[in-house]
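A short worksheet on the structure shown next.
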Amino acid sequence: MSAYDIMLQRRSVRKFTDQQVTDEQIDTLLKAAMAAPSACNKQPWEFYVIKNADTLKSIKGASLFTKMNSTLIIIVAGNTHRALPKPAQDFWVQDCSAATQNILLAATEMGLGACWCGVHPVKLFAQKVQKILNLPSHIIPMSMIQIGYPDQSPEPRTQYNEKHVHVVE
Ligand SMILES: Cc1cc2nc3c(=O)[nH]c(=O)nc-3n(C[C@H](O)[C@H](O)[C@H](O)COP(=O)(O)O)c2cc1C
């Protein structure tokens, strides 16, 4: 499949089978994540791979929109000790977003399903994840990616809309 086809095929999957994602597949996802661009190549990201059933349950309770039956979650978090100085300090969010999207695209290519669930900037959600994983305050959970073998198949698509295209000639 071409990169373009994978982009269209990537859809949010929220129902998963019981089949486990292997450690080898997790390594591939993490390598895809860390192939992402990052501002000044600071790579201000940390990845928390959650497989433990009790921790999965707690983590899914950290947000209102994350009650899915995945057996794997990757939390992508910003490490503000590696962030750029002001006024560029918040570029870590874009770096972590690029890493998150790379995980979604790699998962799609591997026949896995995934859903990006937002954590930062909702303080309540981020603080709950920090507490569950015992993270210091400079590690800010940005996304919670639910991953597994898909038990639903949303149609590939773009949502192209020319109203949002502004050409400056
Ligand atoms: C920043 C961000 C946060 C999101 N948070 C959630 C979430 O908490 N729960 C959820 O079910 N989907 C979440 N989504 C997935 C969106 O609902 C989904 O991408 C959107 O409806 C478009 O559908 P698609 O991913 O299938 O193209 C999030 C997506 C993004 C980019």
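Lettering and numbering for the structure tokens are positional, with chains as A, B, ... in the shown order, residues counted from 1 in each chain, and ligands counted from 1 in the shown order.
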Taking a cut-off of 8 Å and counting only C-alpha atoms, can you build a table that, for each residue of segment 137-169 of chain A near segment 73-89 of chain A, reports the nearest atom pair and how far apart they are in Å (one decimal), sorted by chain then residue number, as CSV?
```
residue,atom,partner,partner_atom,distance
A:His138,CA,A:Thr80,CA,5.2
A:Ile139,CA,A:Asn79,CA,4.7
A:Ile140,CA,A:Gly78,CA,5.1
A:Pro141,CA,A:Ala77,CA,4.0
A:Met142,CA,A:Ala77,CA,5.0
A:Ser143,CA,A:Val76,CA,5.2
A:Met144,CA,A:Ile75,CA,4.6
A:Ile145,CA,A:Ile74,CA,5.1
A:Gln146,CA,A:Ile73,CA,4.7
A:Ile147,CA,A:Ile73,CA,5.9
```
Could you give me, as JSON lines, a per-residue list for chain A showing, wherever an atom lies at most 8 Å from an atom of ligand 1, the closest pair of atoms and their distance in Å to one decimal, using only C-alpha atoms and all ligand atoms and sorting by chain then residue number from low to high?
```
{"residue": "A:Arg10", "atom": "CA", "partner": "ligand 1", "partner_atom_place_in_ligand_line": "27 (O)", "distance": 6.8}
{"residue": "A:Arg11", "atom": "CA", "partner": "ligand 1", "partner_atom_place_in_ligand_line": "26 (O)", "distance": 3.5}
{"residue": "A:Ser12", "atom": "CA", "partner": "ligand 1", "partner_atom_place_in_ligand_line": "26 (O)", "distance": 3.8}
{"residue": "A:Val13", "atom": "CA", "partner": "ligand 1", "partner_atom_place_in_ligand_line": "26 (O)", "distance": 7.0}
{"residue": "A:Arg14", "atom": "CA", "partner": "ligand 1", "partner_atom_place_in_ligand_line": "11 (O)", "distance": 6.6}
{"residue": "A:Ser63", "atom": "CA", "partner": "ligand 1", "partner_atom_place_in_ligand_line": "8 (O)", "distance": 6.9}
{"residue": "A:Leu64", "atom": "CA", "partner": "ligand 1", "partner_atom_place_in_ligand_line": "8 (O)", "distance": 7.1}
{"residue": "A:Phe65", "atom": "CA", "partner": "ligand 1", "partner_atom_place_in_ligand_line": "9 (N)", "distance": 4.4}
{"residue": "A:Thr66", "atom": "CA", "partner": "ligand 1", "partner_atom_place_in_ligand_line": "9 (N)", "distance": 5.2}
{"residue": "A:Cys115", "atom": "CA", "partner": "ligand 1", "partner_atom_place_in_ligand_line": "15 (C)", "distance": 6.0}
{"residue": "A:Trp116", "atom": "CA", "partner": "ligand 1", "partner_atom_place_in_ligand_line": "28 (C)", "distance": 4.9}
{"residue": "A:Cys117", "atom": "CA", "partner": "ligand 1", "partner_atom_place_in_ligand_line": "5 (N)", "distance": 3.5}
{"residue": "A:Gly118", "atom": "CA", "partner": "ligand 1", "partner_atom_place_in_ligand_line": "3 (C)", "distance": 3.6}
{"residue": "A:Val119", "atom": "CA", "partner": "ligand 1", "partner_atom_place_in_ligand_line": "8 (O)", "distance": 7.3}
{"residue": "A:Ser143", "atom": "CA", "partner": "ligand 1", "partner_atom_place_in_ligand_line": "1 (C)", "distance": 7.3}
{"residue": "A:Pro154", "atom": "CA", "partner": "ligand 1", "partner_atom_place_in_ligand_line": "26 (O)", "distance": 7.0}
{"residue": "A:Arg157", "atom": "CA", "partner": "ligand 1", "partner_atom_place_in_ligand_line": "27 (O)", "distance": 7.7}
{"residue": "A:Thr158", "atom": "CA", "partner": "ligand 1", "partner_atom_place_in_ligand_line": "27 (O)", "distance": 7.9}
```
I'd like to know which residues of chain A are alpha helix (DSSP H) (by DSSP, run on the backbone); could you write them as a ChimeraX atom specification?
/A:3-9,23-33,53-60,91-109,123-133
Just the selected residues (C-alpha atoms), exported as a tab-separated table (two decimals), in the first residue's frame, please.
```
chain	number	residue	atom	x	y	z
A	3	ALA	CA	1.78	6.01	2.06
A	4	TYR	CA	-1.18	7.93	0.62
A	5	ASP	CA	-3.42	4.85	0.72
A	6	ILE	CA	-2.40	4.20	4.34
A	7	MET	CA	-3.33	7.77	5.27
A	8	LEU	CA	-6.81	7.25	3.85
A	9	GLN	CA	-7.13	3.79	5.37
A	23	ASP	CA	6.54	-7.24	21.39
A	24	GLU	CA	8.04	-7.17	17.90
A	25	GLN	CA	5.05	-5.21	16.61
A	26	ILE	CA	5.33	-2.81	19.56
A	27	ASP	CA	9.01	-2.24	18.69
A	28	THR	CA	8.02	-1.41	15.11
A	29	LEU	CA	5.40	1.06	16.33
A	30	LEU	CA	7.93	2.75	18.61
A	31	LYS	CA	10.52	2.96	15.83
A	32	ALA	CA	7.88	4.59	13.61
A	33	ALA	CA	7.07	7.03	16.43
A	53	ALA	CA	-4.60	-5.34	32.77
A	54	ASP	CA	-5.11	-3.36	36.00
A	55	THR	CA	-3.12	-0.39	34.71
A	56	LEU	CA	-5.01	-0.49	31.40
A	57	LYS	CA	-8.27	-0.32	33.31
A	58	SER	CA	-7.12	2.63	35.42
A	59	ILE	CA	-5.69	4.50	32.43
A	60	LYS	CA	-8.95	4.09	30.48
A	91	PHE	CA	6.66	22.83	20.21
A	92	TRP	CA	6.86	19.56	22.18
A	93	VAL	CA	3.12	19.18	21.56
A	94	GLN	CA	3.66	19.18	17.80
A	95	ASP	CA	6.60	16.77	18.12
A	96	CYS	CA	4.49	14.35	20.19
A	97	SER	CA	1.59	14.73	17.74
A	98	ALA	CA	3.84	13.79	14.82
A	99	ALA	CA	5.02	10.73	16.78
A	100	THR	CA	1.42	9.82	17.59
A	101	GLN	CA	0.36	10.03	13.94
A	102	ASN	CA	3.34	7.88	12.91
A	103	ILE	CA	2.17	5.18	15.35
A	104	LEU	CA	-1.33	5.30	13.87
A	105	LEU	CA	-0.03	5.02	10.31
A	106	ALA	CA	2.39	2.20	11.15
A	107	ALA	CA	-0.41	0.35	12.99
A	108	THR	CA	-2.63	0.67	9.92
A	109	GLU	CA	0.09	-0.67	7.66
A	123	LYS	CA	-5.33	19.11	32.97
A	124	LEU	CA	-7.67	16.72	34.76
A	125	PHE	CA	-6.96	13.89	32.28
A	126	ALA	CA	-3.19	14.55	32.25
A	127	GLN	CA	-2.98	14.65	36.05
A	128	LYS	CA	-4.86	11.35	36.33
A	129	VAL	CA	-2.48	9.63	33.90
A	130	GLN	CA	0.53	11.15	35.70
A	131	LYS	CA	-0.75	9.81	38.99
A	132	ILE	CA	-1.48	6.29	37.68
A	133	LEU	CA	1.98	6.02	36.07
```
Where in chain A does DSSP assign strand (DSSP E), given as a count of residues only?
30
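Interatomic distance, atom CA of Pro150 of chain A to atom CA of Lys67 of chain A: 15.3 Å.
A straight line drawn from atom CA of Phe16 of chain A to atom CA of His120 of chain A is 24.6 Å long.
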To one decimal place in Å, what is the distance between atom CA of Asp151 of chain A and atom CA of Lys15 of chain A?
5.2 Å
